Every structure is written in structure tokens, then in C-alpha cells.
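Here is entry29.txt, consisting of compact mmCIF, C-alpha atoms:
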# COMPACT_ATOMS: atom_id res chain seq x y z
CA MET A 1 -3.40 24.98 -8.28
CA ILE A 2 -4.87 21.64 -9.26
CA SER A 3 -8.02 21.17 -11.31
CA ASN A 4 -11.01 19.31 -9.89
CA PHE A 5 -10.70 16.78 -12.69
CA GLY A 6 -6.96 16.35 -12.07
CA LEU A 7 -7.59 15.76 -8.38
CA PHE A 8 -10.33 13.25 -9.25
CA VAL A 9 -7.89 11.35 -11.51
CA LEU A 10 -5.13 11.37 -8.86
CA VAL A 11 -7.33 10.30 -5.94
CA LEU A 12 -8.70 7.38 -7.97
CA THR A 13 -5.26 6.11 -9.09
CA PRO A 14 -5.80 2.77 -7.25
CA LEU A 15 -9.04 2.26 -9.19
CA TRP A 16 -7.42 3.00 -12.57
CA SER A 17 -4.60 0.61 -11.59
CA LEU A 18 -7.18 -2.09 -10.90
CA VAL A 19 -8.91 -1.61 -14.27
CA LEU A 20 -5.66 -1.64 -16.26
CA HIS A 21 -4.27 -4.54 -14.23
CA ALA A 22 -7.43 -6.62 -14.83
CA ALA A 23 -7.01 -6.16 -18.59
CA ALA A 24 -3.23 -6.72 -18.52
CA SER A 25 -3.38 -9.86 -16.37
CA ARG A 26 -5.77 -11.45 -18.91
CA ILE A 27 -3.62 -10.43 -21.89
CA PHE A 28 -0.20 -11.32 -20.40
CA LYS A 29 -1.14 -14.57 -18.70
CA SER A 30 2.23 -16.22 -19.28
CA PHE A 31 4.14 -13.44 -17.44
CA PRO A 32 4.74 -13.53 -13.64
CA ALA A 33 1.68 -12.05 -11.90
CA GLN A 34 3.70 -9.58 -9.81
CA LYS A 35 5.61 -8.25 -12.85
CA VAL A 36 2.32 -7.63 -14.70
CA ALA A 37 0.92 -5.84 -11.62
CA ILE A 38 4.01 -3.62 -11.24
CA ALA A 39 4.02 -2.71 -14.95
CA SER A 40 0.29 -1.86 -14.90
CA ILE A 41 0.73 0.31 -11.82
CA TRP A 42 3.65 2.25 -13.33
CA VAL A 43 1.66 2.92 -16.52
CA THR A 44 -1.28 4.15 -14.44
CA VAL A 45 0.84 6.32 -12.12
CA ILE A 46 2.62 8.05 -15.03
CA SER A 47 -0.68 8.51 -16.90
CA SER A 48 -2.41 9.99 -13.83
CA ILE A 49 0.40 12.52 -13.33
CA LEU A 50 0.40 13.48 -17.02
CA VAL A 51 -3.40 13.81 -17.20
CA SER A 52 -3.52 16.00 -14.09
CA LEU A 53 -0.73 18.27 -15.37
CA ILE A 54 -1.95 18.48 -18.99
CA GLN A 55 -5.49 19.22 -17.81
CA LEU A 56 -4.16 22.00 -15.60
CA GLY A 57 -2.97 24.14 -18.48
CA PRO A 58 0.51 25.71 -18.84
CA GLU A 59 -0.36 28.93 -16.95
CA TYR A 60 -1.04 27.06 -13.69
CA ARG A 61 1.60 24.31 -13.95
CA SER A 62 4.26 24.61 -11.25
CA LEU A 63 6.76 22.54 -9.29
CA SER A 64 4.22 22.42 -6.47
CA SER A 65 1.48 20.94 -8.68
CA PHE A 66 3.96 18.39 -10.08
CA LEU A 67 5.13 17.29 -6.60
CA PHE A 68 1.57 17.07 -5.33
CA SER A 69 0.57 14.94 -8.34
CA LEU A 70 3.65 12.75 -7.83
CA VAL A 71 2.90 12.12 -4.14
CA MET A 72 -0.78 11.36 -4.77
CA ALA A 73 -0.23 9.10 -7.79
CA LEU A 74 2.72 7.19 -6.29
CA GLY A 75 0.81 6.78 -3.02
CA GLY A 76 -2.25 5.48 -4.86
CA GLY A 77 -0.18 3.07 -6.97
CA HIS A 78 1.67 1.82 -3.89
CA LEU A 79 -1.63 1.29 -2.09
CA TYR A 80 -3.01 -0.78 -4.96
CA PHE A 81 0.20 -2.85 -5.18
CA HIS A 82 -0.08 -3.83 -1.52
CA PHE A 83 -3.73 -4.76 -1.96
CA PHE A 84 -2.75 -7.02 -4.87
CA ASN A 85 0.21 -8.41 -2.95
CA MET A 86 -2.04 -9.33 -0.03
CA GLY A 87 -4.10 -11.53 -2.34
CA GLU A 88 -0.93 -12.94 -3.88
CA THR A 89 1.32 -13.64 -0.89
CA ALA A 90 -0.38 -13.08 2.48
CA ARG A 91 -0.74 -16.18 4.65
CA ARG A 92 -3.71 -14.72 6.51
CA ILE A 93 -5.63 -14.15 3.27
CA ARG A 94 -4.79 -17.72 2.24
CA ILE A 95 -6.23 -19.04 5.52
CA LEU A 96 -9.43 -17.00 5.10
CA THR A 97 -10.04 -17.96 1.45
CA GLN A 98 -9.29 -21.64 2.10
CA LEU A 99 -11.75 -21.76 4.97
CA ARG A 100 -14.36 -19.97 2.84
CA LEU A 101 -13.89 -22.51 0.05
CA SER A 102 -14.01 -25.37 2.62
CA ILE A 103 -10.40 -26.35 1.92
CA PRO A 104 -8.56 -27.47 5.09
CA ALA A 105 -6.59 -24.33 5.96
CA GLY A 106 -2.93 -24.65 6.80
CA GLU A 107 -2.70 -28.45 6.65
CA ASP A 108 -1.31 -28.58 3.11
CA TYR A 109 0.73 -25.46 3.69
CA THR A 110 3.77 -26.74 5.55
CA PRO A 111 6.88 -24.61 6.22
CA GLU A 112 8.60 -26.55 3.39
CA LYS A 113 5.77 -25.59 1.00
CA ILE A 114 5.87 -21.93 2.15
CA LEU A 115 9.60 -21.86 1.45
CA GLU A 116 9.24 -23.60 -1.92
CA VAL A 117 6.55 -21.13 -3.10
CA ARG A 118 8.60 -18.12 -2.01
CA LEU A 119 11.92 -19.33 -3.38
CA GLY A 120 10.20 -20.05 -6.72
CA ARG A 121 8.66 -16.56 -6.75
CA LEU A 122 11.91 -14.80 -5.81
CA VAL A 123 13.89 -16.71 -8.48
CA THR A 124 11.21 -15.95 -11.15
CA MET A 125 11.28 -12.26 -10.20
CA GLY A 126 15.08 -12.23 -10.55
CA GLN A 127 15.73 -11.44 -6.86
CA LEU A 128 17.56 -14.71 -6.09
CA GLU A 129 20.07 -16.66 -8.09
CA PRO A 130 20.28 -20.46 -7.60
CA ILE A 131 23.92 -21.61 -7.69
CA GLN A 132 24.16 -25.41 -7.39
CA GLU A 133 22.25 -26.20 -4.18
CA LYS A 134 22.50 -22.72 -2.70
CA PHE A 135 20.74 -19.42 -3.27
CA LYS A 136 22.41 -16.03 -3.50
CA THR A 137 20.84 -12.58 -3.58
CA ARG A 138 21.21 -10.36 -6.61
CA SER A 139 21.84 -6.65 -6.20
CA THR A 140 18.34 -5.46 -6.93
CA PHE A 141 16.11 -2.66 -5.74
CA PHE A 142 14.01 -5.25 -3.88
CA LEU A 143 17.06 -6.29 -1.84
CA ILE A 144 17.52 -2.70 -0.64
CA ILE A 145 13.80 -2.57 0.23
CA ALA A 146 14.00 -5.95 2.04
CA LEU A 147 16.99 -4.85 4.14
CA SER A 148 15.35 -1.49 4.93
CA ILE A 149 12.13 -3.24 5.99
CA LYS A 150 14.12 -5.56 8.26
CA LYS A 151 15.87 -2.57 9.90
CA TYR A 152 12.57 -0.73 10.35
CA GLU A 153 11.04 -3.90 11.85
CA TYR A 154 13.77 -3.88 14.52
CA LEU A 155 12.99 -0.22 15.21
CA LEU A 156 9.23 -0.79 15.56
CA PHE A 157 9.30 -4.12 17.39
CA PRO A 158 12.56 -4.30 19.36
CA ASN A 159 11.26 -7.35 21.28
CA HIS A 160 10.22 -9.45 18.26
CA LYS A 161 11.54 -13.02 18.37
CA ARG A 162 13.98 -13.57 15.49
CA MET B 1 -23.02 50.21 -22.42
CA GLU B 2 -21.33 47.06 -23.78
CA LEU B 3 -17.94 48.44 -22.73
CA PHE B 4 -19.28 49.02 -19.23
CA ALA B 5 -20.66 45.47 -19.04
CA ALA B 6 -17.33 44.00 -20.21
CA ARG B 7 -15.39 46.13 -17.69
CA SER B 8 -17.64 45.17 -14.80
CA ALA B 9 -17.24 41.48 -15.77
CA THR B 10 -13.46 41.93 -15.66
CA GLU B 11 -13.67 43.67 -12.29
CA ARG B 12 -15.97 40.96 -10.96
CA SER B 13 -13.56 38.22 -12.00
CA LEU B 14 -10.66 40.12 -10.42
CA VAL B 15 -12.59 40.66 -7.19
CA GLU B 16 -13.86 37.07 -6.99
CA CYS B 17 -10.72 35.33 -8.19
CA GLY B 18 -7.99 37.61 -6.92
CA PRO B 19 -5.14 39.36 -8.73
CA LEU B 20 -3.86 36.11 -10.33
CA VAL B 21 -6.56 36.36 -13.00
CA SER B 22 -5.96 39.04 -15.55
CA LYS B 23 -8.29 37.88 -18.33
CA PRO B 24 -12.09 38.14 -18.15
CA GLY B 25 -13.67 34.67 -18.32
CA ALA B 26 -10.72 32.95 -16.66
CA CYS B 27 -12.70 32.89 -13.43
CA ALA B 28 -14.74 29.88 -14.61
CA LYS B 29 -11.48 27.93 -14.89
CA ILE B 30 -10.30 29.19 -11.50
CA ARG B 31 -13.57 28.10 -9.92
CA SER B 32 -12.99 24.53 -11.15
CA MET B 33 -9.61 24.47 -9.44
CA ILE B 34 -8.42 23.82 -5.91
CA SER B 35 -5.62 25.71 -4.25
CA LEU B 36 -2.48 23.74 -3.50
CA GLN B 37 -1.40 26.21 -0.84
CA HIS B 38 0.28 24.42 2.08
CA TRP B 39 -0.41 20.94 0.61
CA TRP B 40 2.91 19.83 2.11
CA PHE B 41 1.41 20.37 5.59
CA GLY B 42 0.00 16.89 4.95
CA ILE B 43 3.55 15.47 4.89
CA LEU B 44 4.40 17.28 8.14
CA SER B 45 1.22 16.19 9.94
CA TYR B 46 1.68 12.59 8.76
CA SER B 47 5.35 12.60 9.85
CA ALA B 48 4.33 13.80 13.34
CA CYS B 49 1.74 11.01 13.59
CA HIS B 50 4.27 8.47 12.31
CA LEU B 51 6.81 9.44 14.99
CA LEU B 52 4.05 9.10 17.60
CA HIS B 53 3.23 5.64 16.17
CA ILE B 54 6.89 4.50 16.47
CA PHE B 55 7.11 5.83 20.02
CA LEU B 56 3.85 4.12 21.09
CA TRP B 57 4.70 0.79 19.43
CA ARG B 58 8.14 0.69 21.03
CA SER B 59 6.93 1.58 24.50
CA LEU B 60 3.56 -0.22 24.76
CA THR B 61 2.17 -3.67 23.97
CA ILE B 62 -0.75 -2.99 21.66
CA LYS B 63 -3.16 -5.90 21.25
CA HIS B 64 -5.54 -4.45 18.65
CA ASP B 65 -2.79 -2.92 16.58
CA VAL B 66 -4.77 -2.54 13.32
CA ARG B 67 -7.45 -0.49 15.06
CA ALA B 68 -4.77 1.52 16.88
CA ILE B 69 -2.81 2.24 13.73
CA PHE B 70 -5.93 3.50 11.91
CA LEU B 71 -6.64 5.80 14.84
CA CYS B 72 -3.06 7.02 15.17
CA LEU B 73 -2.29 7.59 11.49
CA PHE B 74 -5.50 7.80 9.45
CA PHE B 75 -8.23 9.32 11.62
CA SER B 76 -5.77 11.82 13.09
CA ALA B 77 -5.96 13.61 9.71
CA PHE B 78 -9.47 14.77 10.66
CA VAL B 79 -8.09 16.45 13.80
CA PHE B 80 -5.68 18.48 11.67
CA LEU B 81 -8.65 19.76 9.63
CA LEU B 82 -9.46 21.95 12.65
CA PHE B 83 -6.42 24.08 11.75
CA PRO B 84 -7.33 26.74 9.15
CA ALA B 85 -4.04 26.30 7.22
CA PHE B 86 -4.69 22.56 6.79
CA SER B 87 -6.30 22.49 3.33
CA LEU B 88 -8.18 19.72 1.53
CA CYS B 89 -5.03 18.84 -0.41
CA ALA B 90 -2.99 18.59 2.81
CA PHE B 91 -5.69 16.28 4.19
CA LEU B 92 -5.54 14.09 1.06
CA VAL B 93 -1.73 13.86 1.23
CA HIS B 94 -1.91 12.85 4.91
CA ALA B 95 -4.63 10.29 4.11
CA ILE B 96 -2.79 8.69 1.16
CA LEU B 97 0.49 8.45 3.13
CA ALA B 98 -1.35 6.85 6.06
CA ALA B 99 -3.19 4.41 3.77
CA THR B 100 0.01 3.29 2.01
CA TYR B 101 1.79 2.75 5.34
CA ILE B 102 -1.16 0.83 6.82
CA ALA B 103 -1.15 -1.44 3.73
CA LEU B 104 2.57 -2.09 4.30
CA TYR B 105 2.27 -2.56 8.08
CA PRO B 106 1.52 -6.36 8.04
CA THR B 107 4.96 -6.86 6.45
CA PHE B 108 6.60 -5.56 9.65
CA GLN B 109 4.08 -6.98 12.07
CA ALA B 110 4.11 -10.55 10.74
CA SER B 111 7.77 -10.72 9.63
CA SER B 112 7.19 -11.44 5.93
CA PRO B 113 8.93 -14.75 5.04
CA SER B 114 10.16 -13.29 1.71
CA ILE B 115 11.90 -10.45 3.58
CA VAL B 116 13.43 -12.91 6.10
CA ILE B 117 14.63 -15.13 3.20
CA MET B 118 16.22 -12.20 1.35
CA SER B 119 17.92 -10.69 4.41
CA SER B 120 19.24 -14.03 5.74
CA ILE B 121 20.66 -15.06 2.35
CA HIS B 122 22.22 -11.62 1.97
CA ALA B 123 23.85 -11.92 5.42
CA SER B 124 25.56 -15.16 4.40
CA ALA B 125 28.55 -14.62 2.10
CA ALA B 126 28.44 -18.17 0.67
CA GLY B 127 24.66 -18.19 0.19
CA LEU B 128 22.18 -20.57 1.87
CA ASN B 129 20.48 -23.80 0.81
CA ALA B 130 16.80 -24.59 1.39
CA LYS B 131 17.44 -26.44 4.69
CA GLU B 132 19.42 -23.55 6.13
CA ILE B 133 16.77 -21.02 5.10
CA LEU B 134 14.10 -23.18 6.73
CA MET B 135 16.06 -23.12 10.00
CA VAL B 136 16.15 -19.32 9.87
CA LEU B 137 12.42 -19.11 9.11
CA GLY B 138 11.57 -21.41 12.04
CA HIS B 139 9.28 -24.41 11.64
CA GLY B 140 6.66 -23.89 14.27
CA ASN B 141 4.94 -20.54 14.00
CA LEU B 142 4.80 -19.70 10.28
CA MET B 143 1.07 -20.46 10.15
CA SER B 144 -0.01 -20.81 13.79
CA ASP B 145 0.83 -17.17 14.59
CA ARG B 146 -1.26 -16.06 11.62
CA PHE B 147 -4.25 -18.07 12.90
CA ARG B 148 -3.82 -16.32 16.27
CA ASP B 149 -3.72 -12.90 14.53
CA LEU B 150 -6.97 -13.68 12.72
CA VAL B 151 -8.69 -14.72 15.96
CA ILE B 152 -7.54 -11.47 17.65
CA ALA B 153 -8.83 -9.48 14.64
CA LYS B 154 -12.21 -11.30 15.03
CA LEU B 155 -12.01 -12.73 11.53
CA LEU B 156 -11.89 -16.30 12.89
CA THR B 157 -13.28 -18.05 15.95
CA LYS B 158 -11.69 -21.08 17.54
CA ASN B 159 -13.81 -23.98 18.79
CA GLY B 160 -11.51 -26.59 20.26
CA GLU B 161 -9.11 -27.49 17.46
CA HIS B 162 -11.31 -26.09 14.69
CA TYR B 163 -11.43 -22.62 13.24
CA ALA B 164 -14.53 -20.98 11.71
CA LEU B 165 -14.93 -17.74 9.81
CA THR B 166 -16.86 -14.90 11.41
CA ALA B 167 -19.23 -12.78 9.29
CA ARG B 168 -16.43 -10.24 8.84
CA GLY B 169 -13.98 -12.98 7.91
CA LYS B 170 -16.41 -14.29 5.30
CA ARG B 171 -16.81 -10.83 3.76
CA LEU B 172 -13.04 -10.34 3.56
CA ALA B 173 -12.52 -13.82 2.08
CA ASP B 174 -15.28 -13.16 -0.51
CA LEU B 175 -13.65 -9.85 -1.44
CA PHE B 176 -10.33 -11.52 -2.24
CA ILE B 177 -11.93 -14.50 -4.01
CA PHE B 178 -13.93 -12.08 -6.21
CA TYR B 179 -10.87 -9.87 -6.76
CA ARG B 180 -8.71 -12.79 -7.96
CA GLN B 181 -11.52 -13.93 -10.27
CA PHE B 182 -11.85 -10.38 -11.62
CA LEU B 183 -8.13 -10.39 -12.45
CA GLY B 184 -8.48 -13.82 -14.08
CA LEU B 185 -5.88 -15.24 -11.70
CA PRO B 186 -5.97 -18.53 -9.78
CA ARG B 187 -6.63 -18.51 -6.03
CA GLY B 188 -3.55 -16.94 -4.45
CA GLY B 189 -2.34 -16.14 -0.98
CA GLY B 190 0.70 -17.44 0.88

Whole structure, C-alpha cells version:
Amino acid sequence: MISNFGLFVLVLTPLWSLVLHAAASRIFKSFPAQKVAIASIWVTVISSILVSLIQLGPEYRSLSSFLFSLVMALGGGHLYFHFFNMGETARRIRILTQLRLSIPAGEDYTPEKILEVRLGRLVTMGQLEPIQEKFKTRSTFFLIIALSIKKYEYLLFPNHKR
Amino acid sequence: MELFAARSATERSLVECGPLVSKPGACAKIRSMISLQHWWFGILSYSACHLLHIFLWRSLTIKHDVRAIFLCLFFSAFVFLLFPAFSLCAFLVHAILAATYIALYPTFQASSPSIVIMSSIHASAAGLNAKEILMVLGHGNLMSDRFRDLVIAKLLTKNGEHYALTARGKRLADLFIFYRQFLGLPRGGG
């Protein structure tokens, strides 16, 4: 069983993430934007699960209701993170917003600049470690995700140029 | 008389709400709840659609892939609603899994530079410098391919050497400009 209110809270997890993230990004301006987003999403996901389970009452709480809440809240949080990430890192969104703001799209954004922005972001997030002139990966969760994504990309697009 | 009324209320709640409810008055709570029976059917139905998606993408060249992926993964959830065992909760699970995958899909489709950077550095035991990473990323198509994607998605039009936003492109750009302002963040992207 899941209560109507619990389901309402779970389905709207992306919206709660947005509200909390908007407040957090204004309060923690000096922190990296992606770290603030991830922290806000985790707080929202855990809160949504707790609210849905507490609201349910002990007599109806079960493993099934916990797993359902977990899938819905994690899915919602993940969805919001990718929406945020699109605005933060996607080249296509950059092209669209630059054209809308009448900024020449792409001209200032050379491959060197793309690399510089990304290396800076990955070092700030603690994913890469600069050693003298070279960069090395750190054993992080993101590295596992990156390698898995690369493998899945080969599976989905076997003819992609690499 | 009062005893009879109380008993009939209990019977009514048992009849309406099933044998799970043993206390009179608990029916109101039951009525504000949704059964989670077979919610995991949503995971099964999504997995079936996902396997179909992998098979189709590997065997066909799909031009309008965003439209196709919505059809294959998201709208297919409505077809499963025709099955009596496919409950509202199963539908929601299928829908949320499809939505999260569709949000992640551009990472695979456009070979995210961050992913390429991480995997290429990881593959090199001694690490890589900026010049070497740039060679792996490839100079030419980092932006030009994305312009082509936007034209295919009808978010941009190309007139000679110039690109212009379509009405849909303008709406999407406005959404992200407003969103970044709402978060109090500078213009992002890239």
C-alpha cells in the first residue's frame, strides 16, 4: 500500500529538488554548482522516501512500499539532476542560449576552451588529479559511471566513430 | 440499535475494504491509499522495452532518435495499461525509469566530452596532458555535430553559413535561461 499523499510526494520529487536546489544554490554560492545540486537532490530523495513511509503508518509499511518509494524517489532525483546537468554542461543548450541572447554561438567555444572548462570542472569535483603537466583519474564513483557509460555507448552505437 | 449500527458499519468496512481491515473506521484510510500490488511489473515492462530499444538502435539507423526513443520507452507504458495486472504504480515505475533513461540518452548519443576525457585518461597508465586529451577528443566535430543535431531536431534552421532558432528552439532556450536565473546561477552550458 502507498498513501495518495505519499505517492504525490514521490511523483513530484523532481519539483521538490528544484525548490530546495534554488534555495541552496543561492545560499552556497561559493561551492561548485554540481556539488550543491547533488547534495540538494540527496536531501530531497531521502526526505521524500521518509515522508511517504511515515505518512503510510506502521501497519501498512512493508518492504514493497519501501522499494517502490526508493525507485520513485531515486528516479525523480536522477531525472532532475540530468535536467540541471543539461543546463550546466550540454553543448547543444549552450548553442541555443547563445543564439537566443544574440551571442555568436560556437565561435568563442573552441575545442581548447571545451577541454579547459571540462578539465577545470573535473579537477574541482575531485575526479581528476593534476600531476605536473599531466592528469590522472582518481578512483571515484564517477569513474566507474564514466567507464560503464563508455561500454554501454559501444553496445548501443557499435558504428560510432571514436 | 446502536450496537446494530456499529456492527453494520464494521461489516460494511470489511465488505468494502476486504479482510485486511479489522477495525471499523479504518476504511477511510484504506480509501486514501493505492495498492502496490504488482508495482514491479513496471520494471519488467520497462526492461522489455529497453531490450527492444537496444536491438533497434544496433540494427537500424534512426534519424529522429529522440522521437523514436520516446515512442519506444515512454509511450509504450500506455500500451501495457491494457493488461489488467498492470496497475497505476507499475505504470508510474515504467514512466519514471523511461524518463530517467531518456534524460541520460544524450550522453551516449553525443559522446559526452567529460566521459571521453575520463575514460581516455584512465586507459593511459602514465596519465595524459591537455594536448594528448585534445587529440583523443578530436578537433573538428565537437561543436559542428551538435549544430547538425539541432537542425535535425528542428530547433535550428540553417541559411547558408548562418543558423537561426526556430520557435521551438526559442522556447527551449528561454526555458534554460529562466531556469538558470531562477537558480541564481550564471549562464551555463558546455

With 7 Å as the limit and counting only C-alpha atoms, what residues in chain B lie close to chain A? Please list them as a PDB file with C-alpha atoms, keeping the file's coordinate frame.
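Written out: iface-v8.pdb:
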ATOM      1  CA  SER B  32     -12.990  24.530 -11.150  1.00  0.00           C
ATOM      2  CA  MET B  33      -9.610  24.470  -9.440  1.00  0.00           C
ATOM      3  CA  ILE B  34      -8.420  23.820  -5.910  1.00  0.00           C
ATOM      4  CA  SER B  35      -5.620  25.710  -4.250  1.00  0.00           C
ATOM      5  CA  LEU B  36      -2.480  23.740  -3.500  1.00  0.00           C
ATOM      6  CA  ILE B  54       6.890   4.500  16.470  1.00  0.00           C
ATOM      7  CA  TRP B  57       4.700   0.790  19.430  1.00  0.00           C
ATOM      8  CA  ARG B  58       8.140   0.690  21.030  1.00  0.00           C
ATOM      9  CA  VAL B  93      -1.730  13.860   1.230  1.00  0.00           C
ATOM     10  CA  ILE B  96      -2.790   8.690   1.160  1.00  0.00           C
ATOM     11  CA  LEU B  97       0.490   8.450   3.130  1.00  0.00           C
ATOM     12  CA  ALA B  99      -3.190   4.410   3.770  1.00  0.00           C
ATOM     13  CA  THR B 100       0.010   3.290   2.010  1.00  0.00           C
ATOM     14  CA  ALA B 103      -1.150  -1.440   3.730  1.00  0.00           C
ATOM     15  CA  LEU B 104       2.570  -2.090   4.300  1.00  0.00           C
ATOM     16  CA  PHE B 108       6.600  -5.560   9.650  1.00  0.00           C
ATOM     17  CA  SER B 114      10.160 -13.290   1.710  1.00  0.00           C
ATOM     18  CA  ILE B 115      11.900 -10.450   3.580  1.00  0.00           C
ATOM     19  CA  MET B 118      16.220 -12.200   1.350  1.00  0.00           C
ATOM     20  CA  SER B 119      17.920 -10.690   4.410  1.00  0.00           C
ATOM     21  CA  ILE B 121      20.660 -15.060   2.350  1.00  0.00           C
ATOM     22  CA  HIS B 122      22.220 -11.620   1.970  1.00  0.00           C
ATOM     23  CA  GLY B 127      24.660 -18.190   0.190  1.00  0.00           C
ATOM     24  CA  LEU B 128      22.180 -20.570   1.870  1.00  0.00           C
ATOM     25  CA  ASN B 129      20.480 -23.800   0.810  1.00  0.00           C
ATOM     26  CA  HIS B 139       9.280 -24.410  11.640  1.00  0.00           C
ATOM     27  CA  LEU B 142       4.800 -19.700  10.280  1.00  0.00           C
ATOM     28  CA  MET B 143       1.070 -20.460  10.150  1.00  0.00           C
ATOM     29  CA  ARG B 146      -1.260 -16.060  11.620  1.00  0.00           C
ATOM     30  CA  GLY B 169     -13.980 -12.980   7.910  1.00  0.00           C
ATOM     31  CA  LYS B 170     -16.410 -14.290   5.300  1.00  0.00           C
ATOM     32  CA  ALA B 173     -12.520 -13.820   2.080  1.00  0.00           C
ATOM     33  CA  PHE B 176     -10.330 -11.520  -2.240  1.00  0.00           C
ATOM     34  CA  ILE B 177     -11.930 -14.500  -4.010  1.00  0.00           C
ATOM     35  CA  PHE B 182     -11.850 -10.380 -11.620  1.00  0.00           C
ATOM     36  CA  LEU B 183      -8.130 -10.390 -12.450  1.00  0.00           C
ATOM     37  CA  GLY B 184      -8.480 -13.820 -14.080  1.00  0.00           C
ATOM     38  CA  GLY B 188      -3.550 -16.940  -4.450  1.00  0.00           C
ATOM     39  CA  GLY B 189      -2.340 -16.140  -0.980  1.00  0.00           C
ATOM     40  CA  GLY B 190       0.700 -17.440   0.880  1.00  0.00           C
TER      41      GLY B 190
END

Mind giving me the straight-line distance from atom CA of Lys35 of chain A to atom CA of Thr124 of chain A in Å, one decimal?
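That distance, rounded to one decimal, is 9.7 Å.
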
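Here atom CA of Ile117 of chain B stands at a distance of 18.9 Å from atom CA of Ser144 of chain B.
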
Atom CA of Phe83 of chain B to atom CA of Tyr46 of chain B: how many Å, to one decimal?
14.4 Å

Proximity to Gln37 of chain B - best of B:Ser120, B:Ser112, B:Ser87, B:Thr61, only C-alpha atoms:
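Using only C-alpha atoms, the shortest distance to Gln37 of chain B belongs to B:Ser87.
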
Which protein, DNA or RNA residues have an atom at most 6 Å from (-13.0, -11.9, 12.3), counting only C-alpha atoms? List them as a PDB file with C-alpha atoms, in the coordinates of the input.
ATOM      1  CA  ALA B 153      -8.830  -9.480  14.640  1.00  0.00           C
ATOM      2  CA  LYS B 154     -12.210 -11.300  15.030  1.00  0.00           C
ATOM      3  CA  LEU B 155     -12.010 -12.730  11.530  1.00  0.00           C
ATOM      4  CA  LEU B 156     -11.890 -16.300  12.890  1.00  0.00           C
ATOM      5  CA  THR B 166     -16.860 -14.900  11.410  1.00  0.00           C
ATOM      6  CA  ARG B 168     -16.430 -10.240   8.840  1.00  0.00           C
ATOM      7  CA  GLY B 169     -13.980 -12.980   7.910  1.00  0.00           C
TER       8      GLY B 169
END
